[in-house]
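K.L.:
This is the structure I have questions about; it appears just below.
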Amino acid sequence: MKESAPAWLYEMVHRAVEQRFHTDPKKLKLRIAINHEEGKGDFTVYVFPLAGILRQPPEEIARALGDYLSSHSEEIEKYEAVKGFLNLYLHPAAWRAQFYTIAQTPQYGHRPESGKLALVEYASPNTNKPLHLGHIRNIVLGVAISRILQSQGWRVRTTQVVNDRGIAICKSMLAWQRWGQGKGPNDYRPPIKGDKLVGDFYVLFSQKFDEEYEQWQQSEEAQRIYRKYGDGKDPKAFFRSYKNTYFQQHSPLARQAMDMLRAWEAGDLSVRALWQKLNAWVLEGIEQTFRRLDARFDKVYYESEVYQLGKAYVLQGLKEGLFERQDDGAVVVDLSAEGLDRRVLLRKDGTSLYVTQDIGIAYLRQEEFQPDAMLYVVADEQEYHFQALFAILKLLGFPSAEGLYHLSYGMVELPHGRMKSREGTVVDADDLMDEVVRLARQESEGRGELEGLPEEEKERIYEVIGMAALKYAILRVGAKKKMIFNPEESIDLQGQTGPYIQNAYVRICGVARKLGVTLEEEVGYSDTYAPEGVEIALIKQLSEYPRALQQSAEEYNPAVLASYLYQLARSFHRFYHEQPIVQAETEAARRFRWQLCRTTARIIKDGMYLLGMEVPERM
RNA sequence: GGCUCCGUAGCUCAGCCGGAUAGAGCAGCUGACUUCUAAUCAGCAGGUCGCAGGUUCGAGUCCUGCCGGAGUCACCA
C-alpha cells in the first residue's frame, strides 16, 4: 500500500470532502495513492469509504469530488472517475513546484533527531574460524538498518558480542598446539590471515577427530557398544548417531580439548596465554574483513568477560518468585503463559547458559546506554531463543522491554544445501568479496571507460562496484527469506543490481563534466519549464523517497529502500535516454533537467550510503 | 507432534495493515550506440499467485483447513 501523496494534496482532498459532502474527512481514512503506471492518473483517491457513508454509488461520488477539485484548485489538470477510483492528473506546473520543494529540501527524506536511542547488535563472530557468507548477510543487514534508523531520527549505537570462549576455540587451540609447529600468521609465506590460520586448525581438529573415530570403530570396545546399543541397525548409521557420545565419553582428543576448556575456566596461565595468542590472531583477521564491509562498533562485548553476568539477575528473579529452583538445584522459568516452554536459566551446578548471558548483557547495556530500543541482528535459527529471552526480560521488568526486537534473517544456503564449516562447505567472506571485485574489474576493463586513471584509483572503483553488487544482491531480498547462493553464477552486474543504480549516478557525473558544473553547484531554476512524461515520472519517484525511508525503518527492512533505489534509477535511465540534457532545446529545459539530475544523484548517493554502499563517479 | 517462517513466470525475487488488466531482473527472442558512459533503453514471449473453502462491492494480500519445504522445540551457542 502506497500512501505517498504529498501532504498538500491530502489537505486539498480533505477540504473538498468537508465542503462538498459535509463529512468529517478525518473519520474516513481516505487513501490517496501515487501511480507510476500510465492511464490511472498521477494520484488515485479511493472513494469507497465515502460512498459507504453517504450511501451513494462510488462512481457518482468520485465524479462529484473530481468536479469540485478541478474547479477549486489550479493544481488539478483533469480527473477521471472509474468506479470508486478518482484519478487525478496534476498540472505540469504543480509537478514543477513539487520538484523544487524536493530539490531545495536539505536532507530530503530524513527526519529530525527524536532523542531516542537504538542499540543494534550484529556481526557477533566466533574466534575459532573466519567469517563466511552468513556473516556477510548479517553485517550488511546490520550496517544498513543502523544507518536507516539514524536517518529517521534515531540515535544509534552499534555493538557486537564476540564469541571468544568455549569448546570450539579450544579445539583450534589444541590442534594448533599439537600440529602448528609454533607458527603464527607471519611465519608463513606469504603470511596467512590470522582468522584463516586458526580456522584451518579448527578444521584440522575435526579431521583428526574423524580419523580417530574411524579407527576406534574397529576396536573391541566399539564392537561391544554396537552389539549392546546397535539395535540391529546398520553399523554405519549407528556410528553416525553415536558420534556425539563418542566425543563426550571416549575420545582422547576430545578429552584433551575439554580439559583445556576446564583449565581455561580455572584460569590456567599457560592455557590463557595460548588462548589470548590465537584470539588476537583471529580478531585481527576478522577486523580486516569488518573494515571492508564497513562494520563499525561503538562497543564490543567479549563473551569471556560477560558470560557469567546474568546470574545475579536470575537469582534476584528467583528471590522474587519469578523463577523456581528444581530439586536438582537448577533454576528454571515457566514460560507457558507466553506459549513457550520451561527454560533452564542456571544449570544444577550453578553455571550459566546462553540465555543467562544474554540477560546479563541486556542489563549491562541498559546501564551503559539506557537505550529505548535494542535490535538483535541474528539468524532465524535463534528465533525461539529470542522469544524466550524477551519474555524473561519482560518478566523481570526490564526497562526497555517493549523496544526489544529480533531482526531475524534466513540462512544462506548453497545449491547443495547448508554451509557446514566443519565439512569445509562454506563460502569464505574474503574469498567471496575478492571474487565479486574480480568480476567488476573484468567487466570494467572490457569496456575501458577508466583508461587513463591511475591503477590505485581503478582498484578503488572496482572495489566499490563489486561490493555494491554483493551487498545489493543480499539487501534486495527480504531478510526473512532464506537465500540460495550460487557461487558459480556468483553475482550479476546487470539488471536489478547495485551497479545498475551506481550507473545512474555515474551518468549524472558525466553530464556534469559535459556541462562544466559540479553536483554541489547551484545553477538556478526555471519558472517556466513544463515537465512532461519521463520527467514527471522521475519526479514522482523522487517524491517517494521519504516514504521508502520511513517504511524501511519502521519495518526494520532495508529491502524496501533497496527496491526503491532501483525504481528511482530505472526512472532516471529512462529519462536520460529520452531527453537530451546538455543539448536541451531551451535554456529553461537544460536547467530544469540538470536540476532533476542533480537531485536524483543526491538521493541515490544518500540512499546507497544508508544501505552501506558507495557510488563511483566513473565506472 | 507444538510454534515460527517460506511457497507468485524456466530461475532469483517484489507486491502481502484488501482495490482497477499480478510487477521486476536473469535466461530466450527483436530492435536502438558518428549523440550526456549500451553496466543503458524500447519491445516480444513467459502466470490456475501451493490446494480447497470462507469474509467482502472487491482477495496474491485477511480468516480456517489441508499439501509441500525450512528452522526450532538442549542443564549447546
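Labels for the C-alpha cells follow display order: chains A, B, ..., residues from 1 in each chain, ligands from 1.
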Could you list, as a list in words, the residues of chain B having an atom within 7 Å of chain A when counting only C-alpha atoms (C1' of nucleotides)?
P.N.:
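Contact residues on the first chain: C6, C13, G25, C36, U37, A39, U40, C41, G71, U72, C75 and A77 of chain B.
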K.L.:
What does the file look like for those residues with N, CA, C and O atoms (P, O5', C5', C4', C3', O3' and C1' of nucleotides), as an mmCIF file, in the first residue's frame?
P.N.:
```cif
data_model
loop_
_atom_site.group_PDB
_atom_site.id
_atom_site.type_symbol
_atom_site.label_atom_id
_atom_site.label_comp_id
_atom_site.auth_asym_id
_atom_site.auth_seq_id
_atom_site.Cartn_x
_atom_site.Cartn_y
_atom_site.Cartn_z
ATOM 1 P P C B 6 6.793 -15.421 5.792
ATOM 2 O "O5'" C B 6 7.336 -16.500 4.744
ATOM 3 C "C5'" C B 6 8.493 -16.233 3.976
ATOM 4 C "C4'" C B 6 8.859 -17.451 3.174
ATOM 5 C "C3'" C B 6 7.843 -17.877 2.120
ATOM 6 O "O3'" C B 6 7.919 -17.092 0.958
ATOM 7 C "C1'" C B 6 8.561 -19.775 3.308
ATOM 8 P P C B 13 15.324 -16.549 -3.978
ATOM 9 O "O5'" C B 13 14.578 -15.235 -4.486
ATOM 10 C "C5'" C B 13 13.770 -14.462 -3.674
ATOM 11 C "C4'" C B 13 13.629 -13.114 -4.330
ATOM 12 C "C3'" C B 13 12.414 -12.333 -3.889
ATOM 13 O "O3'" C B 13 12.643 -11.710 -2.643
ATOM 14 C "C1'" C B 13 12.665 -12.161 -6.232
ATOM 15 P P G B 25 13.008 -5.623 -16.244
ATOM 16 O "O5'" G B 25 14.214 -6.458 -15.642
ATOM 17 C "C5'" G B 25 15.214 -5.804 -14.875
ATOM 18 C "C4'" G B 25 16.031 -6.809 -14.124
ATOM 19 C "C3'" G B 25 16.586 -7.946 -14.966
ATOM 20 O "O3'" G B 25 17.771 -7.560 -15.626
ATOM 21 C "C1'" G B 25 15.588 -8.841 -13.036
ATOM 22 P P C B 36 28.329 12.451 -26.643
ATOM 23 O "O5'" C B 36 27.482 12.796 -25.339
ATOM 24 C "C5'" C B 36 27.895 13.898 -24.527
ATOM 25 C "C4'" C B 36 27.327 13.728 -23.148
ATOM 26 C "C3'" C B 36 27.370 12.307 -22.569
ATOM 27 O "O3'" C B 36 28.607 12.139 -21.939
ATOM 28 C "C1'" C B 36 25.363 13.477 -21.989
ATOM 29 P P U B 37 29.021 10.866 -21.064
ATOM 30 O "O5'" U B 37 28.120 9.593 -21.470
ATOM 31 C "C5'" U B 37 28.347 8.860 -22.643
ATOM 32 C "C4'" U B 37 28.472 7.379 -22.300
ATOM 33 C "C3'" U B 37 27.210 6.765 -21.698
ATOM 34 O "O3'" U B 37 26.913 5.576 -22.406
ATOM 35 C "C1'" U B 37 29.118 6.207 -20.408
ATOM 36 P P A B 39 27.757 -0.138 -20.779
ATOM 37 O "O5'" A B 39 26.672 -0.603 -19.717
ATOM 38 C "C5'" A B 39 26.013 -1.859 -19.881
ATOM 39 C "C4'" A B 39 25.626 -2.397 -18.525
ATOM 40 C "C3'" A B 39 24.792 -1.411 -17.702
ATOM 41 O "O3'" A B 39 23.894 -2.133 -16.869
ATOM 42 C "C1'" A B 39 26.780 -1.897 -16.552
ATOM 43 P P U B 40 22.413 -2.425 -17.379
ATOM 44 O "O5'" U B 40 22.044 -1.088 -18.173
ATOM 45 C "C5'" U B 40 21.843 0.126 -17.459
ATOM 46 C "C4'" U B 40 21.375 1.170 -18.424
ATOM 47 C "C3'" U B 40 20.053 0.865 -19.097
ATOM 48 O "O3'" U B 40 18.962 1.187 -18.266
ATOM 49 C "C1'" U B 40 21.609 1.530 -20.732
ATOM 50 P P C B 41 17.617 0.400 -18.355
ATOM 51 O "O5'" C B 41 16.998 0.967 -19.697
ATOM 52 C "C5'" C B 41 16.692 2.350 -19.811
ATOM 53 C "C4'" C B 41 16.258 2.648 -21.215
ATOM 54 C "C3'" C B 41 15.123 1.788 -21.727
ATOM 55 O "O3'" C B 41 13.872 2.250 -21.261
ATOM 56 C "C1'" C B 41 16.806 1.883 -23.357
ATOM 57 P P G B 71 16.421 -27.385 8.239
ATOM 58 O "O5'" G B 71 16.092 -26.304 9.358
ATOM 59 C "C5'" G B 71 16.822 -25.087 9.412
ATOM 60 C "C4'" G B 71 16.168 -24.158 10.396
ATOM 61 C "C3'" G B 71 16.035 -24.699 11.808
ATOM 62 O "O3'" G B 71 17.236 -24.586 12.534
ATOM 63 C "C1'" G B 71 14.007 -23.700 11.160
ATOM 64 P P U B 72 17.592 -25.635 13.643
ATOM 65 O "O5'" U B 72 16.542 -25.288 14.778
ATOM 66 C "C5'" U B 72 16.639 -24.066 15.510
ATOM 67 C "C4'" U B 72 15.408 -23.907 16.365
ATOM 68 C "C3'" U B 72 15.187 -25.031 17.375
ATOM 69 O "O3'" U B 72 15.938 -24.816 18.560
ATOM 70 C "C1'" U B 72 13.177 -24.602 16.218
ATOM 71 P P C B 75 17.709 -28.375 28.529
ATOM 72 O "O5'" C B 75 18.917 -28.029 29.468
ATOM 73 C "C5'" C B 75 19.363 -26.723 29.495
ATOM 74 C "C4'" C B 75 20.741 -26.752 30.111
ATOM 75 C "C3'" C B 75 21.548 -27.953 29.614
ATOM 76 O "O3'" C B 75 22.812 -27.451 29.283
ATOM 77 C "C1'" C B 75 21.231 -28.042 32.003
ATOM 78 P P A B 77 25.947 -22.750 26.369
ATOM 79 O "O5'" A B 77 26.310 -21.969 25.036
ATOM 80 C "C5'" A B 77 27.634 -21.999 24.507
ATOM 81 C "C4'" A B 77 27.594 -21.407 23.121
ATOM 82 C "C3'" A B 77 26.997 -20.009 23.052
ATOM 83 O "O3'" A B 77 27.975 -19.022 23.293
ATOM 84 C "C1'" A B 77 25.951 -21.367 21.444
#
```
K.L.:
Could you give me, as a PDB file with all heavy atoms, in the first residue's frame, the residues within 10 Å of Phe398 of chain A, counting only C-alpha atoms (C1' of nucleotides) and dropping anything in the same chain fewer than 6 positions from it?
P.N.:
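Final file, result.pdb:
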```pdb
ATOM      1  N   ILE A 359      20.756 -12.261  29.217  1.00  0.00           N
ATOM      2  CA  ILE A 359      20.066 -11.452  30.227  1.00  0.00           C
ATOM      3  C   ILE A 359      21.060 -10.457  30.828  1.00  0.00           C
ATOM      4  O   ILE A 359      20.791  -9.263  30.948  1.00  0.00           O
ATOM      5  CB  ILE A 359      19.484 -12.347  31.348  1.00  0.00           C
ATOM      6  CG1 ILE A 359      18.367 -13.225  30.782  1.00  0.00           C
ATOM      7  CG2 ILE A 359      18.976 -11.492  32.504  1.00  0.00           C
ATOM      8  CD1 ILE A 359      17.914 -14.328  31.724  1.00  0.00           C
ATOM      9  N   ALA A 362      22.006  -7.676  28.411  1.00  0.00           N
ATOM     10  CA  ALA A 362      20.914  -6.708  28.252  1.00  0.00           C
ATOM     11  C   ALA A 362      20.962  -5.680  29.380  1.00  0.00           C
ATOM     12  O   ALA A 362      20.851  -4.475  29.145  1.00  0.00           O
ATOM     13  CB  ALA A 362      19.570  -7.432  28.232  1.00  0.00           C
ATOM     14  N   TYR A 363      21.143  -6.158  30.605  1.00  0.00           N
ATOM     15  CA  TYR A 363      21.194  -5.235  31.739  1.00  0.00           C
ATOM     16  C   TYR A 363      22.434  -4.355  31.707  1.00  0.00           C
ATOM     17  O   TYR A 363      22.387  -3.174  32.036  1.00  0.00           O
ATOM     18  CB  TYR A 363      21.102  -5.993  33.064  1.00  0.00           C
ATOM     19  CG  TYR A 363      19.676  -6.252  33.473  1.00  0.00           C
ATOM     20  CD1 TYR A 363      19.078  -7.481  33.229  1.00  0.00           C
ATOM     21  CD2 TYR A 363      18.926  -5.255  34.074  1.00  0.00           C
ATOM     22  CE1 TYR A 363      17.763  -7.712  33.577  1.00  0.00           C
ATOM     23  CE2 TYR A 363      17.608  -5.466  34.432  1.00  0.00           C
ATOM     24  CZ  TYR A 363      17.028  -6.708  34.176  1.00  0.00           C
ATOM     25  OH  TYR A 363      15.718  -6.918  34.515  1.00  0.00           O
ATOM     26  N   GLN A 366      21.757  -1.700  29.343  1.00  0.00           N
ATOM     27  CA  GLN A 366      20.786  -0.786  29.918  1.00  0.00           C
ATOM     28  C   GLN A 366      21.504   0.245  30.787  1.00  0.00           C
ATOM     29  O   GLN A 366      21.255   1.437  30.702  1.00  0.00           O
ATOM     30  CB  GLN A 366      19.750  -1.578  30.726  1.00  0.00           C
ATOM     31  CG  GLN A 366      18.702  -0.735  31.391  1.00  0.00           C
ATOM     32  CD  GLN A 366      17.864   0.013  30.352  1.00  0.00           C
ATOM     33  OE1 GLN A 366      17.643  -0.472  29.251  1.00  0.00           O
ATOM     34  NE2 GLN A 366      17.432   1.206  30.707  1.00  0.00           N
ATOM     35  N   PHE A 390      13.217 -12.399  25.428  1.00  0.00           N
ATOM     36  CA  PHE A 390      12.378 -11.213  25.575  1.00  0.00           C
ATOM     37  C   PHE A 390      11.296 -11.439  26.626  1.00  0.00           C
ATOM     38  O   PHE A 390      10.987 -10.544  27.408  1.00  0.00           O
ATOM     39  CB  PHE A 390      11.752 -10.828  24.232  1.00  0.00           C
ATOM     40  CG  PHE A 390      12.758 -10.408  23.178  1.00  0.00           C
ATOM     41  CD1 PHE A 390      12.394 -10.291  21.844  1.00  0.00           C
ATOM     42  CD2 PHE A 390      14.075 -10.120  23.540  1.00  0.00           C
ATOM     43  CE1 PHE A 390      13.324  -9.896  20.881  1.00  0.00           C
ATOM     44  CE2 PHE A 390      15.010  -9.732  22.579  1.00  0.00           C
ATOM     45  CZ  PHE A 390      14.631  -9.624  21.247  1.00  0.00           C
ATOM     46  N   ALA A 391      10.731 -12.647  26.637  1.00  0.00           N
ATOM     47  CA  ALA A 391       9.694 -12.958  27.620  1.00  0.00           C
ATOM     48  C   ALA A 391      10.270 -12.904  29.034  1.00  0.00           C
ATOM     49  O   ALA A 391       9.641 -12.378  29.958  1.00  0.00           O
ATOM     50  CB  ALA A 391       9.094 -14.329  27.337  1.00  0.00           C
ATOM     51  N   ILE A 392      11.470 -13.427  29.199  1.00  0.00           N
ATOM     52  CA  ILE A 392      12.093 -13.426  30.516  1.00  0.00           C
ATOM     53  C   ILE A 392      12.394 -12.000  30.969  1.00  0.00           C
ATOM     54  O   ILE A 392      12.131 -11.621  32.116  1.00  0.00           O
ATOM     55  CB  ILE A 392      13.396 -14.258  30.500  1.00  0.00           C
ATOM     56  CG1 ILE A 392      13.068 -15.738  30.268  1.00  0.00           C
ATOM     57  CG2 ILE A 392      14.172 -14.093  31.794  1.00  0.00           C
ATOM     58  CD1 ILE A 392      14.261 -16.585  29.869  1.00  0.00           C
TER      59      ILE A 392
END
```
K.L.:
Go through A:Arg602, A:His14, A:Lys236, A:Arg590 one by one, measure the shortest atom-to-atom distance of each to Tyr545 of chain A using only C-alpha atoms, and give the residue with the smallest value.
P.N.:
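Using only C-alpha atoms, Tyr545 of chain A sits closest to A:Arg602.
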K.L.:
Which residues are close to U64 of chain B, i.e. within 12 Å by only C-alpha atoms (C1' of nucleotides), leaving aside same-chain residues fewer than 3 positions away? Reply as a list in words.
P.N.:
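Skipping anything fewer than 3 positions along the chain leaves A52, G53, G54 and U55 of chain B.
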K.L.:
Those residues you just picked out, can you put them in a file as a short mmCIF file (atom, residue, chain, number, x, y, z; two decimals), in the first residue's frame with N, CA, C and O atoms (P, O5', C5', C4', C3', O3' and C1' of nucleotides)?
P.N.:
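Saved result, out.cif, follows:
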```
data_model
loop_
_atom_site.label_atom_id
_atom_site.label_comp_id
_atom_site.auth_asym_id
_atom_site.auth_seq_id
_atom_site.Cartn_x
_atom_site.Cartn_y
_atom_site.Cartn_z
P A B 52 -7.95 -25.16 -6.09
"O5'" A B 52 -8.80 -25.45 -4.77
"C5'" A B 52 -9.34 -26.75 -4.56
"C4'" A B 52 -10.06 -26.80 -3.23
"C3'" A B 52 -11.02 -25.66 -2.96
"O3'" A B 52 -12.25 -25.83 -3.65
"C1'" A B 52 -9.72 -26.05 -1.03
P G B 53 -13.25 -24.58 -3.72
"O5'" G B 53 -14.05 -24.75 -2.36
"C5'" G B 53 -14.68 -23.64 -1.78
"C4'" G B 53 -14.77 -23.80 -0.29
"C3'" G B 53 -15.21 -22.53 0.41
"O3'" G B 53 -16.62 -22.39 0.38
"C1'" G B 53 -13.26 -23.32 1.44
P G B 54 -17.20 -21.03 -0.20
"O5'" G B 54 -16.99 -20.05 1.04
"C5'" G B 54 -17.51 -20.41 2.32
"C4'" G B 54 -16.88 -19.59 3.41
"C3'" G B 54 -17.06 -18.08 3.29
"O3'" G B 54 -18.35 -17.67 3.71
"C1'" G B 54 -14.83 -18.58 3.88
P U B 55 -19.02 -16.39 3.06
"O5'" U B 55 -18.18 -15.20 3.72
"C5'" U B 55 -18.27 -14.94 5.12
"C4'" U B 55 -17.38 -13.77 5.48
"C3'" U B 55 -17.59 -12.52 4.62
"O3'" U B 55 -18.70 -11.75 5.06
"C1'" U B 55 -15.28 -12.99 4.79
#
```
K.L.:
Just asking: which residues within segment 221-357 of chain A are strand (DSSP E) according to DSSP, as a tab-separated table (two decimals) with C-alpha atoms, in the first residue's frame?
P.N.:
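Heads up, here's the output in result14.tsv:
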```tsv
chain	number	residue	atom	x	y	z
A	299	LYS	CA	31.00	-1.14	21.92
A	300	VAL	CA	32.38	-4.66	21.79
A	301	TYR	CA	31.45	-7.26	24.37
A	302	TYR	CA	33.61	-10.33	24.80
A	324	GLU	CA	11.81	-21.66	40.61
A	325	ARG	CA	14.56	-23.95	41.78
A	331	VAL	CA	16.87	-22.67	38.21
A	332	VAL	CA	14.09	-22.69	35.64
A	333	VAL	CA	11.43	-20.33	34.36
A	334	ASP	CA	7.98	-21.37	33.26
A	342	ARG	CA	10.20	-24.18	30.61
A	343	ARG	CA	13.70	-22.88	30.19
A	344	VAL	CA	16.68	-23.60	32.38
A	345	LEU	CA	18.40	-20.39	33.44
A	346	LEU	CA	21.11	-21.83	35.68
```
K.L.:
Show which residues sit within 7 Å of Leu119 of chain A, as a ChimeraX atom specification. Count only C-alpha atoms (C1' of nucleotides), and ignore same-chain residues fewer than 5 positions away.
P.N.:
/A:156-158,371,373-375
K.L.:
What is the atom CA of Glu520 of chain A to atom CA of Ala588 of chain A distance in Å?
P.N.:
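Interatomic distance, atom CA of Glu520 of chain A to atom CA of Ala588 of chain A: 19.4 Å.
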K.L.:
Quick one: everything within 12 Å of G43 of chain B, counting only C-alpha atoms (C1' of nucleotides), minus sequence neighbours fewer than 6 positions away in the same chain. Send it as a PyMOL selection string.
P.N.:
chain B and resi 29-32
K.L.:
The selected residues should be written to file as an mmCIF file, in the first residue's frame (atoms: all heavy atoms).
P.N.:
```
data_model
loop_
_atom_site.group_PDB
_atom_site.id
_atom_site.type_symbol
_atom_site.label_atom_id
_atom_site.label_comp_id
_atom_site.auth_asym_id
_atom_site.auth_seq_id
_atom_site.Cartn_x
_atom_site.Cartn_y
_atom_site.Cartn_z
ATOM 1 P P C B 29 18.613 -16.019 -27.983
ATOM 2 O OP1 C B 29 19.392 -16.757 -28.980
ATOM 3 O OP2 C B 29 19.270 -14.986 -27.146
ATOM 4 O "O5'" C B 29 17.347 -15.343 -28.700
ATOM 5 C "C5'" C B 29 16.580 -16.094 -29.623
ATOM 6 C "C4'" C B 29 15.332 -15.327 -30.000
ATOM 7 O "O4'" C B 29 14.549 -15.039 -28.799
ATOM 8 C "C3'" C B 29 15.561 -13.941 -30.588
ATOM 9 O "O3'" C B 29 15.949 -13.968 -31.949
ATOM 10 C "C2'" C B 29 14.196 -13.295 -30.371
ATOM 11 O "O2'" C B 29 13.241 -13.789 -31.285
ATOM 12 C "C1'" C B 29 13.859 -13.804 -28.971
ATOM 13 N N1 C B 29 14.297 -12.850 -27.929
ATOM 14 C C2 C B 29 13.497 -11.723 -27.685
ATOM 15 O O2 C B 29 12.457 -11.583 -28.348
ATOM 16 N N3 C B 29 13.874 -10.831 -26.756
ATOM 17 C C4 C B 29 15.011 -11.022 -26.071
ATOM 18 N N4 C B 29 15.352 -10.115 -25.163
ATOM 19 C C5 C B 29 15.861 -12.154 -26.300
ATOM 20 C C6 C B 29 15.464 -13.038 -27.233
ATOM 21 P P U B 30 17.048 -12.874 -32.478
ATOM 22 O OP1 U B 30 17.650 -13.485 -33.659
ATOM 23 O OP2 U B 30 17.896 -12.450 -31.339
ATOM 24 O "O5'" U B 30 16.213 -11.594 -32.900
ATOM 25 C "C5'" U B 30 14.823 -11.624 -32.963
ATOM 26 C "C4'" U B 30 14.245 -10.275 -33.247
ATOM 27 O "O4'" U B 30 13.447 -9.876 -32.085
ATOM 28 C "C3'" U B 30 15.196 -9.115 -33.447
ATOM 29 O "O3'" U B 30 15.649 -9.003 -34.804
ATOM 30 C "C2'" U B 30 14.347 -7.921 -33.032
ATOM 31 O "O2'" U B 30 13.444 -7.502 -34.036
ATOM 32 C "C1'" U B 30 13.577 -8.498 -31.842
ATOM 33 N N1 U B 30 14.294 -8.292 -30.572
ATOM 34 C C2 U B 30 14.017 -7.116 -29.886
ATOM 35 O O2 U B 30 13.225 -6.286 -30.281
ATOM 36 N N3 U B 30 14.719 -6.957 -28.712
ATOM 37 C C4 U B 30 15.643 -7.828 -28.173
ATOM 38 O O4 U B 30 16.192 -7.555 -27.128
ATOM 39 C C5 U B 30 15.872 -9.019 -28.947
ATOM 40 C C6 U B 30 15.200 -9.205 -30.100
ATOM 41 P P G B 31 16.846 -7.984 -35.122
ATOM 42 O OP1 G B 31 17.189 -8.153 -36.544
ATOM 43 O OP2 G B 31 17.897 -8.079 -34.082
ATOM 44 O "O5'" G B 31 16.088 -6.602 -34.958
ATOM 45 C "C5'" G B 31 16.803 -5.407 -34.996
ATOM 46 C "C4'" G B 31 15.980 -4.285 -34.413
ATOM 47 O "O4'" G B 31 15.265 -4.735 -33.222
ATOM 48 C "C3'" G B 31 16.826 -3.142 -33.898
ATOM 49 O "O3'" G B 31 17.257 -2.315 -34.956
ATOM 50 C "C2'" G B 31 15.884 -2.474 -32.917
ATOM 51 O "O2'" G B 31 14.888 -1.720 -33.560
ATOM 52 C "C1'" G B 31 15.269 -3.703 -32.248
ATOM 53 N N9 G B 31 16.079 -4.132 -31.112
ATOM 54 C C8 G B 31 16.786 -5.309 -30.970
ATOM 55 N N7 G B 31 17.429 -5.396 -29.833
ATOM 56 C C5 G B 31 17.128 -4.198 -29.185
ATOM 57 C C6 G B 31 17.539 -3.717 -27.914
ATOM 58 O O6 G B 31 18.255 -4.261 -27.089
ATOM 59 N N1 G B 31 17.011 -2.452 -27.657
ATOM 60 C C2 G B 31 16.196 -1.752 -28.496
ATOM 61 N N2 G B 31 15.789 -0.560 -28.066
ATOM 62 N N3 G B 31 15.803 -2.192 -29.679
ATOM 63 C C4 G B 31 16.302 -3.416 -29.960
ATOM 64 P P A B 32 18.814 -1.975 -35.015
ATOM 65 O OP1 A B 32 19.081 -1.455 -36.361
ATOM 66 O OP2 A B 32 19.570 -3.125 -34.474
ATOM 67 O "O5'" A B 32 18.918 -0.771 -33.962
ATOM 68 C "C5'" A B 32 18.036 0.332 -34.100
ATOM 69 C "C4'" A B 32 18.152 1.241 -32.920
ATOM 70 O "O4'" A B 32 17.639 0.586 -31.737
ATOM 71 C "C3'" A B 32 19.574 1.640 -32.521
ATOM 72 O "O3'" A B 32 20.067 2.662 -33.353
ATOM 73 C "C2'" A B 32 19.370 2.091 -31.084
ATOM 74 O "O2'" A B 32 18.817 3.380 -31.029
ATOM 75 C "C1'" A B 32 18.326 1.074 -30.596
ATOM 76 N N9 A B 32 18.965 -0.053 -29.911
ATOM 77 C C8 A B 32 19.239 -1.303 -30.386
ATOM 78 N N7 A B 32 19.835 -2.087 -29.507
ATOM 79 C C5 A B 32 19.960 -1.286 -28.386
ATOM 80 C C6 A B 32 20.507 -1.521 -27.109
ATOM 81 N N6 A B 32 21.050 -2.671 -26.739
ATOM 82 N N1 A B 32 20.471 -0.506 -26.225
ATOM 83 C C2 A B 32 19.922 0.654 -26.591
ATOM 84 N N3 A B 32 19.374 1.000 -27.761
ATOM 85 C C4 A B 32 19.427 -0.039 -28.619
#
```
K.L.:
Report as an NGL selection string all protein, DNA and RNA residues lying within 8 Å of segment 108-114 of chain A, evaluated on only C-alpha atoms (C1' of nucleotides), omitting residues in the same chain fewer than 4 positions from it.
P.N.:
:A and (102 or 151-155 or 545-547 or 549 or 603)
K.L.:
List the spatial neighbours of Lys605 of chain A as number ranges by chain - criterion: any atom at most 8 Å away, only C-alpha atoms (C1' of nucleotides), same-chain residues fewer than 2 positions off excluded.
P.N.:
A: 505, 601-603, 607-609, 614-615
K.L.:
Hey, can you check how far atom CA of Asp200 of chain A sits from atom CA of Met260 of chain A?
P.N.:
18.9 Å
K.L.:
To one decimal place, how far is atom CA of Leu364 of chain A from atom CA of Met258 of chain A in Å?
P.N.:
29.5 Å
K.L.:
From segment 37-86 of chain A, collect each residue whose DSSP state is alpha helix (DSSP H) and return the set as a PyMOL selection string.
P.N.:
chain A and resi 48-54+58-72
K.L.:
Give the answer as one residue: which of A:Cys170, A:Leu54, A:Arg591, A:Asn35 has the shortest atom-to-atom distance to Ala263 of chain A, using only C-alpha atoms?
P.N.:
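Nearest to Ala263 of chain A: A:Cys170.
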K.L.:
Using only C-alpha atoms (C1' of nucleotides), pick whichever of B:G10, B:G47, B:G58, B:G65 has the shortest atom-to-atom distance to G23 of chain B.
P.N.:
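Selected residue with least distance to G23 of chain B: B:G47.
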